[in-house]
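Raw input-v1.pdb, PDB, C-alpha atoms:
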ATOM      1  CA  MET A   1       8.186  11.049  34.692
ATOM      2  CA  ASP A   2       9.967  13.045  31.979
ATOM      3  CA  LEU A   3       7.174  14.621  29.922
ATOM      4  CA  GLU A   4       9.484  15.304  26.981
ATOM      5  CA  ALA A   5      10.328  11.611  26.878
ATOM      6  CA  VAL A   6       6.619  10.748  26.918
ATOM      7  CA  ARG A   7       5.939  13.304  24.165
ATOM      8  CA  THR A   8       8.772  11.774  22.139
ATOM      9  CA  PHE A   9       7.328   8.276  22.659
ATOM     10  CA  VAL A  10       3.943   9.407  21.322
ATOM     11  CA  ALA A  11       5.610  11.090  18.325
ATOM     12  CA  VAL A  12       7.515   7.893  17.406
ATOM     13  CA  ALA A  13       4.371   5.788  17.836
ATOM     14  CA  ASP A  14       2.443   8.125  15.492
ATOM     15  CA  ALA A  15       5.215   8.435  12.895
ATOM     16  CA  GLY A  16       6.372   4.805  12.968
ATOM     17  CA  GLN A  17       9.979   5.931  12.539
ATOM     18  CA  PHE A  18      12.550   7.541  14.818
ATOM     19  CA  GLN A  19      13.822   9.749  11.980
ATOM     20  CA  GLU A  20      10.367  11.089  11.069
ATOM     21  CA  ALA A  21       9.552  11.690  14.733
ATOM     22  CA  ALA A  22      12.798  13.634  15.108
ATOM     23  CA  ALA A  23      11.808  15.848  12.187
ATOM     24  CA  ASP A  24       8.336  16.442  13.674
ATOM     25  CA  LEU A  25       9.874  17.369  17.050
ATOM     26  CA  ALA A  26      12.672  19.465  15.483
ATOM     27  CA  VAL A  27      15.378  17.490  17.318
ATOM     28  CA  THR A  28      18.053  15.037  16.217
ATOM     29  CA  GLN A  29      17.380  11.334  15.766
ATOM     30  CA  GLN A  30      20.033  10.712  18.439
ATOM     31  CA  ALA A  31      18.034  12.819  20.897
ATOM     32  CA  VAL A  32      14.892  10.820  20.122
ATOM     33  CA  SER A  33      16.717   7.512  20.650
ATOM     34  CA  LYS A  34      18.192   8.735  23.937
ATOM     35  CA  ARG A  35      14.820   9.879  25.289
ATOM     36  CA  ILE A  36      13.182   6.561  24.391
ATOM     37  CA  ALA A  37      16.051   4.610  25.956
ATOM     38  CA  VAL A  38      15.756   6.560  29.220
ATOM     39  CA  LEU A  39      11.979   6.099  29.261
ATOM     40  CA  GLU A  40      12.325   2.348  28.666
ATOM     41  CA  LYS A  41      14.904   2.134  31.449
ATOM     42  CA  ASN A  42      12.649   3.988  33.886
ATOM     43  CA  LEU A  43       9.654   1.810  33.004
ATOM     44  CA  GLY A  44      11.644  -1.415  32.902
ATOM     45  CA  VAL A  45      10.116  -2.542  29.572
ATOM     46  CA  ARG A  46      10.801  -2.348  25.827
ATOM     47  CA  LEU A  47       8.424   0.040  24.114
ATOM     48  CA  PHE A  48       9.529  -0.404  20.497
ATOM     49  CA  THR A  49      10.959  -3.093  18.266
ATOM     50  CA  ARG A  50      13.111  -1.790  15.425
ATOM     51  CA  THR A  51      12.286  -3.348  12.039
ATOM     52  CA  ALA A  52      13.202  -2.723   8.417
ATOM     53  CA  ARG A  53      10.107  -0.515   8.151
ATOM     54  CA  GLY A  54      10.863   1.558  11.232
ATOM     55  CA  ALA A  55       9.720   1.246  14.837
ATOM     56  CA  GLU A  56       6.848  -0.996  15.894
ATOM     57  CA  LEU A  57       5.189  -0.866  19.305
ATOM     58  CA  THR A  58       5.688  -3.853  21.568
ATOM     59  CA  ILE A  59       2.781  -5.197  23.621
ATOM     60  CA  ASP A  60       3.960  -3.006  26.511
ATOM     61  CA  GLY A  61       4.271  -0.064  24.145
ATOM     62  CA  GLN A  62       0.689  -0.515  22.955
ATOM     63  CA  ALA A  63      -0.529  -0.650  26.548
ATOM     64  CA  PHE A  64       1.425   2.485  27.463
ATOM     65  CA  LEU A  65       0.346   4.547  24.427
ATOM     66  CA  SER A  66      -3.191   5.408  25.558
ATOM     67  CA  GLN A  67      -1.923   6.327  29.018
ATOM     68  CA  ALA A  68       0.842   8.442  27.496
ATOM     69  CA  ARG A  69      -1.692  10.351  25.378
ATOM     70  CA  GLU A  70      -3.794  10.990  28.461
ATOM     71  CA  LEU A  71      -0.708  12.137  30.368
ATOM     72  CA  MET A  72       0.047  14.665  27.606
ATOM     73  CA  ARG A  73      -3.551  15.915  27.661
ATOM     74  CA  VAL A  74      -3.381  16.388  31.433
ATOM     75  CA  ALA A  75      -0.103  18.275  31.067
ATOM     76  CA  GLU A  76      -1.641  20.512  28.386
ATOM     77  CA  ARG A  77      -4.609  21.299  30.600
ATOM     78  CA  ALA A  78      -2.275  22.117  33.495
ATOM     79  CA  VAL A  79      -0.321  24.577  31.361
ATOM     80  CA  ALA A  80      -3.464  26.095  29.862
ATOM     81  CA  SER A  81      -4.863  26.656  33.356
ATOM     82  CA  VAL A  82      -2.123  29.197  34.113
ATOM     83  CA  ARG A  83      -1.812  30.677  30.603
ATOM     84  CA  PRO A  84      -5.297  32.046  29.842
ATOM     85  CA  GLY A  85      -5.634  33.189  26.243
ATOM     86  CA  ARG A  86      -2.284  31.707  25.220
ATOM     87  CA  ARG A  87      -2.937  27.996  24.782
ATOM     88  CA  PRO A  88      -2.074  26.378  21.434
ATOM     89  CA  LEU A  89      -4.628  26.153  18.646
ATOM     90  CA  ARG A  90      -6.024  22.604  18.776
ATOM     91  CA  VAL A  91      -6.942  21.044  15.437
ATOM     92  CA  ASP A  92      -8.120  17.498  14.773
ATOM     93  CA  VAL A  93      -7.145  15.388  11.747
ATOM     94  CA  ILE A  94      -7.906  11.755  10.889
ATOM     95  CA  ALA A  95      -4.306  10.542  10.538
ATOM     96  CA  SER A  96      -0.783  11.895  10.881
ATOM     97  CA  ARG A  97       0.198  10.886   7.329
ATOM     98  CA  GLY A  98      -2.931  12.108   5.574
ATOM     99  CA  ALA A  99      -3.729  15.210   3.565
ATOM    100  CA  GLN A 100      -5.258  16.964   6.584
ATOM    101  CA  ALA A 101      -1.967  16.794   8.480
ATOM    102  CA  GLY A 102      -0.230  18.116   5.361
ATOM    103  CA  LEU A 103      -2.499  21.160   5.379
ATOM    104  CA  LEU A 104      -1.549  21.880   8.969
ATOM    105  CA  ARG A 105       2.162  21.449   8.240
ATOM    106  CA  GLY A 106       1.802  24.082   5.533
ATOM    107  CA  PHE A 107      -0.024  26.370   7.954
ATOM    108  CA  HIS A 108       2.704  25.883  10.574
ATOM    109  CA  ARG A 109       5.412  26.766   8.040
ATOM    110  CA  ALA A 110       3.481  29.880   7.020
ATOM    111  CA  HIS A 111       2.749  30.900  10.627
ATOM    112  CA  PRO A 112       5.475  29.479  12.894
ATOM    113  CA  GLU A 113       4.572  32.026  15.548
ATOM    114  CA  ILE A 114       1.255  30.242  16.209
ATOM    115  CA  GLU A 115       1.437  27.327  18.632
ATOM    116  CA  LEU A 116      -0.386  24.333  17.208
ATOM    117  CA  ASP A 117      -1.582  21.089  18.801
ATOM    118  CA  VAL A 118      -2.639  18.346  16.383
ATOM    119  CA  LEU A 119      -5.029  15.670  17.649
ATOM    120  CA  MET A 120      -6.487  12.585  15.951
ATOM    121  CA  LEU A 121     -10.106  11.754  16.722
ATOM    122  CA  PHE A 122     -12.001   8.879  15.149
ATOM    123  CA  ASP A 123     -15.079  10.106  13.317
ATOM    124  CA  ILE A 124     -16.964  13.289  12.567
ATOM    125  CA  GLU A 125     -19.480  12.830  15.413
ATOM    126  CA  THR A 126     -16.622  12.705  17.932
ATOM    127  CA  ALA A 127     -14.923  15.671  16.258
ATOM    128  CA  VAL A 128     -18.077  17.803  16.209
ATOM    129  CA  ALA A 129     -18.749  17.056  19.879
ATOM    130  CA  ALA A 130     -15.179  18.093  20.742
ATOM    131  CA  VAL A 131     -15.494  21.301  18.697
ATOM    132  CA  ARG A 132     -18.789  22.185  20.377
ATOM    133  CA  SER A 133     -17.409  21.519  23.866
ATOM    134  CA  GLY A 134     -14.342  23.664  23.202
ATOM    135  CA  SER A 135     -11.859  20.849  23.850
ATOM    136  CA  ILE A 136     -10.599  21.383  20.299
ATOM    137  CA  ASP A 137     -10.830  24.477  18.131
ATOM    138  CA  ALA A 138     -11.290  22.964  14.679
ATOM    139  CA  SER A 139     -11.319  19.741  12.684
ATOM    140  CA  VAL A 140     -10.671  18.821   9.050
ATOM    141  CA  ARG A 141     -13.412  16.435   7.862
ATOM    142  CA  ALA A 142     -15.747  15.506   5.012
ATOM    143  CA  VAL A 143     -19.091  17.154   5.773
ATOM    144  CA  GLY A 144     -22.559  17.132   4.262
ATOM    145  CA  VAL A 145     -23.372  13.418   4.573
ATOM    146  CA  PRO A 146     -27.173  13.016   4.250
ATOM    147  CA  GLY A 147     -28.926  12.589   7.586
ATOM    148  CA  ARG A 148     -25.987  14.040   9.516
ATOM    149  CA  PRO A 149     -26.204  17.839   9.219
ATOM    150  CA  LEU A 150     -23.806  20.011  11.160
ATOM    151  CA  PRO A 151     -25.288  21.737  14.230
ATOM    152  CA  GLU A 152     -26.302  25.359  13.739
ATOM    153  CA  ASP A 153     -23.416  26.636  15.865
ATOM    154  CA  ILE A 154     -20.796  24.931  13.653
ATOM    155  CA  GLU A 155     -19.295  26.664  10.616
ATOM    156  CA  SER A 156     -17.512  24.893   7.761
ATOM    157  CA  VAL A 157     -15.528  25.775   4.659
ATOM    158  CA  ARG A 158     -14.277  23.440   1.925
ATOM    159  CA  VAL A 159     -10.479  23.597   1.883
ATOM    160  CA  LEU A 160      -9.088  20.730  -0.222
ATOM    161  CA  ASP A 161     -10.172  18.215  -2.856
ATOM    162  CA  GLU A 162      -7.755  15.272  -2.675
ATOM    163  CA  PRO A 163      -7.548  13.074  -5.808
ATOM    164  CA  LEU A 164      -7.674   9.328  -5.274
ATOM    165  CA  GLN A 165      -4.931   7.092  -6.631
ATOM    166  CA  LEU A 166      -4.940   3.348  -7.226
ATOM    167  CA  LEU A 167      -2.197   1.543  -5.305
ATOM    168  CA  THR A 168      -1.115  -1.825  -6.734
ATOM    169  CA  GLY A 169       1.655  -4.367  -6.396
ATOM    170  CA  PRO A 170       4.138  -4.990  -9.235
ATOM    171  CA  ALA A 171       2.250  -8.038 -10.587
ATOM    172  CA  HIS A 172      -1.187  -6.404 -10.757
ATOM    173  CA  ALA A 173      -2.810  -6.229 -14.214
ATOM    174  CA  LEU A 174      -2.802  -2.397 -14.092
ATOM    175  CA  ALA A 175       0.639  -1.980 -12.513
ATOM    176  CA  ASP A 176       2.299  -0.606 -15.661
ATOM    177  CA  ALA A 177      -0.433   1.908 -16.496
ATOM    178  CA  ARG A 178       0.466   5.591 -16.286
ATOM    179  CA  SER A 179      -3.155   6.306 -15.376
ATOM    180  CA  VAL A 180      -6.427   4.391 -15.183
ATOM    181  CA  THR A 181      -9.975   5.495 -15.879
ATOM    182  CA  VAL A 182     -12.775   4.853 -13.432
ATOM    183  CA  ALA A 183     -14.350   2.558 -16.045
ATOM    184  CA  GLN A 184     -11.221   0.374 -16.044
ATOM    185  CA  LEU A 185     -11.653  -0.230 -12.326
ATOM    186  CA  ALA A 186     -15.030  -1.973 -12.761
ATOM    187  CA  GLY A 187     -14.491  -5.625 -11.879
ATOM    188  CA  GLN A 188     -11.192  -4.994 -10.100
ATOM    189  CA  ARG A 189     -10.903  -6.083  -6.451
ATOM    190  CA  ILE A 190     -10.216  -2.988  -4.360
ATOM    191  CA  TRP A 191      -9.439  -3.892  -0.752
ATOM    192  CA  MET A 192      -9.885  -1.270   1.970
ATOM    193  CA  PRO A 193     -10.114  -2.919   5.408
ATOM    194  CA  GLY A 194      -9.965   0.455   7.171
ATOM    195  CA  ILE A 195     -13.484   1.485   6.110
ATOM    196  CA  VAL A 196     -15.727   1.644   9.190
ATOM    197  CA  PRO A 197     -19.516   1.624   8.579
ATOM    198  CA  GLY A 198     -21.243   4.792   9.719
ATOM    199  CA  THR A 199     -18.230   7.079   9.252
ATOM    200  CA  GLU A 200     -18.041   9.959   6.809
ATOM    201  CA  TRP A 201     -15.404   8.191   4.727
ATOM    202  CA  ALA A 202     -17.595   5.074   4.510
ATOM    203  CA  ALA A 203     -20.396   7.277   3.133
ATOM    204  CA  TYR A 204     -17.990   8.658   0.522
ATOM    205  CA  TYR A 205     -16.925   5.219  -0.709
ATOM    206  CA  ASP A 206     -20.508   3.922  -0.661
ATOM    207  CA  ASP A 207     -21.443   6.698  -3.084
ATOM    208  CA  LEU A 208     -18.347   6.033  -5.217
ATOM    209  CA  VAL A 209     -19.295   2.353  -5.532
ATOM    210  CA  ALA A 210     -22.908   3.204  -6.378
ATOM    211  CA  GLU A 211     -21.936   5.806  -8.981
ATOM    212  CA  PHE A 212     -19.401   3.756 -10.934
ATOM    213  CA  GLY A 213     -20.223   0.121 -10.188
ATOM    214  CA  LEU A 214     -16.945  -0.577  -8.401
ATOM    215  CA  THR A 215     -16.181  -3.395  -5.982
ATOM    216  CA  ILE A 216     -14.649  -2.337  -2.666
ATOM    217  CA  GLU A 217     -13.997  -5.063  -0.108
ATOM    218  CA  ALA A 218     -13.716  -3.998   3.527
ATOM    219  CA  THR A 219     -13.431  -7.529   4.921
ATOM    220  CA  GLY A 220     -10.806  -8.643   7.409
ATOM    221  CA  PRO A 221      -9.282  -6.893  10.410
ATOM    222  CA  ASN A 222      -7.505  -3.597   9.916
ATOM    223  CA  PHE A 223      -3.903  -4.181  11.028
ATOM    224  CA  GLY A 224      -2.747  -0.748   9.850
ATOM    225  CA  SER A 225      -1.055   0.653   6.771
ATOM    226  CA  ASP A 226       2.053  -1.569   6.933
ATOM    227  CA  ALA A 227      -0.012  -4.763   6.809
ATOM    228  CA  LEU A 228      -2.148  -3.314   4.004
ATOM    229  CA  LEU A 229       0.934  -2.432   1.936
ATOM    230  CA  ASP A 230       2.437  -5.882   2.519
ATOM    231  CA  THR A 231      -0.738  -7.561   1.282
ATOM    232  CA  ILE A 232      -1.124  -5.332  -1.776
ATOM    233  CA  ALA A 233       2.530  -5.936  -2.718
ATOM    234  CA  ASP A 234       2.157  -9.727  -2.473
ATOM    235  CA  THR A 235      -1.331 -10.186  -3.976
ATOM    236  CA  PRO A 236      -1.651  -9.536  -7.745
ATOM    237  CA  ALA A 237      -5.466  -9.621  -7.607
ATOM    238  CA  LEU A 238      -5.811  -6.810  -5.060
ATOM    239  CA  ALA A 239      -5.460  -3.032  -5.238
ATOM    240  CA  THR A 240      -6.467  -0.237  -2.875
ATOM    241  CA  PHE A 241      -7.266   3.475  -2.968
ATOM    242  CA  MET A 242      -4.935   6.054  -1.454
ATOM    243  CA  GLY A 243      -5.201   9.828  -1.353
ATOM    244  CA  GLU A 244      -2.707  11.638  -3.546
ATOM    245  CA  HIS A 245      -1.343  13.562  -0.552
ATOM    246  CA  THR A 246      -1.091  10.580   1.811
ATOM    247  CA  ARG A 247       2.533   9.996   2.805
ATOM    248  CA  LEU A 248       3.512   6.330   2.542
ATOM    249  CA  ILE A 249       6.753   4.507   3.278
ATOM    250  CA  TRP A 250       7.360   0.912   2.193
ATOM    251  CA  PRO A 251      10.360  -1.389   1.624
ATOM    252  CA  ALA A 252      11.993  -0.979  -1.790
ATOM    253  CA  GLY A 253      11.329  -4.627  -2.608
ATOM    254  CA  HIS A 254       7.562  -4.096  -2.504
ATOM    255  CA  GLY A 255       7.590  -2.366  -5.898
ATOM    256  CA  LEU A 256       4.246  -0.664  -5.257
ATOM    257  CA  ARG A 257       2.704   1.636  -7.883
ATOM    258  CA  ARG A 258       0.626   4.775  -7.254
ATOM    259  CA  ILE A 259      -1.528   5.289 -10.345
ATOM    260  CA  PRO A 260      -3.694   8.399 -10.965
ATOM    261  CA  VAL A 261      -7.410   7.758 -11.582
ATOM    262  CA  THR A 262      -9.043   9.801 -14.371
ATOM    263  CA  ASP A 263     -12.203  10.389 -16.428
ATOM    264  CA  PRO A 264     -13.368  11.579 -13.939
ATOM    265  CA  THR A 265     -10.922  11.807 -11.047
ATOM    266  CA  PRO A 266     -12.653  10.925  -7.763
ATOM    267  CA  VAL A 267     -11.615  13.513  -5.179
ATOM    268  CA  TYR A 268     -12.169  13.371  -1.441
ATOM    269  CA  PRO A 269     -13.539  16.718  -0.176
ATOM    270  CA  HIS A 270     -11.939  18.022   3.025
ATOM    271  CA  SER A 271     -13.616  20.841   4.962
ATOM    272  CA  LEU A 272     -12.546  22.797   8.027
ATOM    273  CA  ILE A 273     -15.179  22.934  10.779
ATOM    274  CA  TRP A 274     -15.200  25.157  13.872
ATOM    275  CA  ARG A 275     -17.644  26.602  16.416
ATOM    276  CA  ARG A 276     -18.963  29.968  15.309
ATOM    277  CA  ASP A 277     -18.266  31.689  18.630
ATOM    278  CA  ASN A 278     -14.827  30.157  19.254
ATOM    279  CA  PRO A 279     -12.666  33.018  20.637
ATOM    280  CA  HIS A 280      -9.191  31.624  19.921
ATOM    281  CA  PRO A 281      -7.255  34.455  18.215
ATOM    282  CA  ALA A 282      -5.427  32.100  15.812
ATOM    283  CA  LEU A 283      -8.576  30.461  14.431
ATOM    284  CA  THR A 284      -9.281  33.290  11.982
ATOM    285  CA  THR A 285      -5.728  33.029  10.669
ATOM    286  CA  LEU A 286      -6.160  29.290  10.107
ATOM    287  CA  CYS A 287      -9.489  29.773   8.315
ATOM    288  CA  THR A 288      -8.040  32.465   6.078
ATOM    289  CA  TYR A 289      -4.979  30.382   5.229
ATOM    290  CA  LEU A 290      -6.862  27.184   4.394
ATOM    291  CA  GLY A 291      -9.643  29.020   2.608
ATOM    292  CA  SER A 292      -7.419  30.945   0.222
ATOM    293  CA  THR A 293      -4.275  28.942  -0.573
ATOM    294  CA  GLN A 294      -5.562  25.699  -2.076
ATOM    295  CA  PRO A 295      -5.302  25.281  -5.874
ATOM    296  CA  ASP A 296      -8.542  23.239  -6.084
ATOM    297  CA  ARG A 297     -10.601  26.375  -5.465
ATOM    298  CA  PRO A 298     -12.588  27.406  -8.572
ATOM    299  CA  ASP A 299     -11.195  30.940  -8.335
ATOM    300  CA  HIS A 300      -7.555  29.878  -7.904
ATOM    301  CA  PRO A 301      -5.366  30.730 -10.958
ATOM    302  CA  ALA A 302      -3.429  27.456 -10.630
ATOM    303  CA  ARG A 303      -6.512  25.210 -10.394
ATOM    304  CA  PRO A 304      -5.790  21.845 -12.094
ATOM    305  CA  HIS A 305      -7.666  21.266 -15.358
ATOM    306  CA  ARG A 306      -9.341  17.919 -14.779
ATOM    307  CA  GLU A 307     -12.811  16.460 -14.620
ATOM    308  CA  THR A 308     -13.530  15.454 -11.038
ATOM    309  CA  TRP A 309     -16.215  13.604  -9.084
ATOM    310  CA  THR A 310     -17.471  14.131  -5.550
ATOM    311  CA  PRO A 311     -20.670  12.878  -3.892
ATOM    312  CA  THR A 312     -23.780  14.962  -4.445
ATOM    313  CA  TRP A 313     -23.741  15.947  -0.770
ATOM    314  CA  THR A 314     -20.350  17.666  -0.997
ATOM    315  CA  PRO A 315     -20.579  21.355   0.028
ATOM    316  CA  ALA A 316     -19.937  23.911  -2.682
ATOM    317  CA  TRP A 317     -16.776  25.950  -2.772
ATOM    318  CA  THR A 318     -17.413  29.408  -1.323
ATOM    319  CA  GLN A 319     -15.813  32.640  -2.389
ATOM    320  CA  ARG A 320     -12.928  34.053  -0.353
TER     321      ARG A 320
END
Starting from the file, give its structure as structure tokens.
Amino acid sequence: MDLEAVRTFVAVADAGQFQEAAADLAVTQQAVSKRIAVLEKNLGVRLFTRTARGAELTIDGQAFLSQARELMRVAERAVASVRPGRRPLRVDVIASRGAQAGLLRGFHRAHPEIELDVLMLFDIETAVAAVRSGSIDASVRAVGVPGRPLPEDIESVRVLDEPLQLLTGPAHALADARSVTVAQLAGQRIWMPGIVPGTEWAAYYDDLVAEFGLTIEATGPNFGSDALLDTIADTPALATFMGEHTRLIWPAGHGLRRIPVTDPTPVYPHSLIWRRDNPHPALTTLCTYLGSTQPDRPDHPARPHRETWTPTWTPAWTQR
């Protein structure tokens, strides 16, 4: 099986678009389409259905995705077994379109000489276990949740505070606002079906609700970001929260609005975690980059002038 074709399949599945996958792989969109076509021919099934929003996995594509990821992991281990000391730096993020992935894209642009593997694990417990075992080198997560301290062999540093925005459809009562205060959100229906109880992001939103008396509904199955955007666009009574740095793509007819939240601005605190004795030579470079380039740092000259809110358990910023 052509491993480059499998890698391309995984990239398209993660990006949801052939064009975005091509950019991530640094190849042409034509090359991506050709690789997928050859893979589909070899497998004898359709892996994607092209839609107005991009590329959606077929039933066969969904079944093949987990096996394809495992195939790539096996290939990586095979290469690493004969290249001691030269394997890529492995970093975990929650989602490919989130702020954490944006941090790593910036790091890759600043240090293109460092090979980087980006993985997506589910929650902080899984990420910490992977960091401790050495299967990954670092993870970008919210840390400090009460009752879930980091193990003594794990280091962390706060690297980014991501402001929340309110996402509404064109008919929502707040759709024309240039900004909204937290007080204005009391009584509004905020729908976030992706919140999973017991995760670090669930703890964050639980504290946000308790602090400001908001109503966040997590009911219903989570069918992904496309289904969420469709529902928000068509339902005037619903809104949702999105991180300011989350990359979203939706049809022009949706007319969605991203509205800054102020007085104070709730920010989601991202920290880098790694095992203290990890020997990978590129890990120090990553820590230095993420720990010194973000404008939210108190000692950064370009720090935004805004009142912000984070949970009481959020780690303090540390000096460079």
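Atom pair atom CA of Ile195 of chain A / atom CA of Leu208 of chain A has a distance of 13.1 Å (rounded to one decimal).
When atom CA of Thr168 of chain A is paired with atom CA of Arg257 of chain A, their separation reads 5.3 Å.
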Segment 105-107 of chain A environment, 9 Å, only C-alpha atoms, sequence neighbours closer than 6 positions dropped, as a PyMOL selection string:
chain A and resi 286+289-290
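Proximity to segment 64-73 of chain A at 9 Å, evaluated using only C-alpha atoms and with sequence-adjacent residues fewer than 2 positions away removed, yields Leu3, Val6, Arg7, Phe9, Val10, Ala13, Leu47, Leu57, Ile59, Asp60, Gly61, Gln62, Ala75, Glu76, Arg77 and Ala78 of chain A.
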Preceding selection exported with C-alpha atoms as a tab-separated table (two decimals), in the coordinates of the input:
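The resulting file, result-v3.tsv, is shown below:
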chain	number	residue	atom	x	y	z
A	3	LEU	CA	7.17	14.62	29.92
A	6	VAL	CA	6.62	10.75	26.92
A	7	ARG	CA	5.94	13.30	24.16
A	9	PHE	CA	7.33	8.28	22.66
A	10	VAL	CA	3.94	9.41	21.32
A	13	ALA	CA	4.37	5.79	17.84
A	47	LEU	CA	8.42	0.04	24.11
A	57	LEU	CA	5.19	-0.87	19.30
A	59	ILE	CA	2.78	-5.20	23.62
A	60	ASP	CA	3.96	-3.01	26.51
A	61	GLY	CA	4.27	-0.06	24.14
A	62	GLN	CA	0.69	-0.52	22.96
A	75	ALA	CA	-0.10	18.27	31.07
A	76	GLU	CA	-1.64	20.51	28.39
A	77	ARG	CA	-4.61	21.30	30.60
A	78	ALA	CA	-2.28	22.12	33.49
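Between Val182 of chain A and the residues A:Trp317, A:Trp250, A:Trp309, A:Tyr268, the shortest atom-to-atom distance, using only C-alpha atoms, involves A:Trp309.
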Taking the file as I've supplied it (selection: the PyMOL selection byres ((chain A and resi 103) around 10)), which residues are included? Please answer as a list in words.
Val93, Gly98, Ala99, Gln100, Ala101, Gly102, Leu104, Arg105, Gly106, Phe107, His108, Val140, Val159, Leu160, His245, Tyr289, Leu290, Thr293 and Gln294 of chain A
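In this model, the gap between atom CA of Thr288 of chain A and atom CA of Val267 of chain A comes to 22.3 Å.
Distances to Ser133 of chain A were evaluated for A:Arg158, A:Leu229, A:Asn278, A:Arg306 using only C-alpha atoms, and the minimum falls at A:Asn278.
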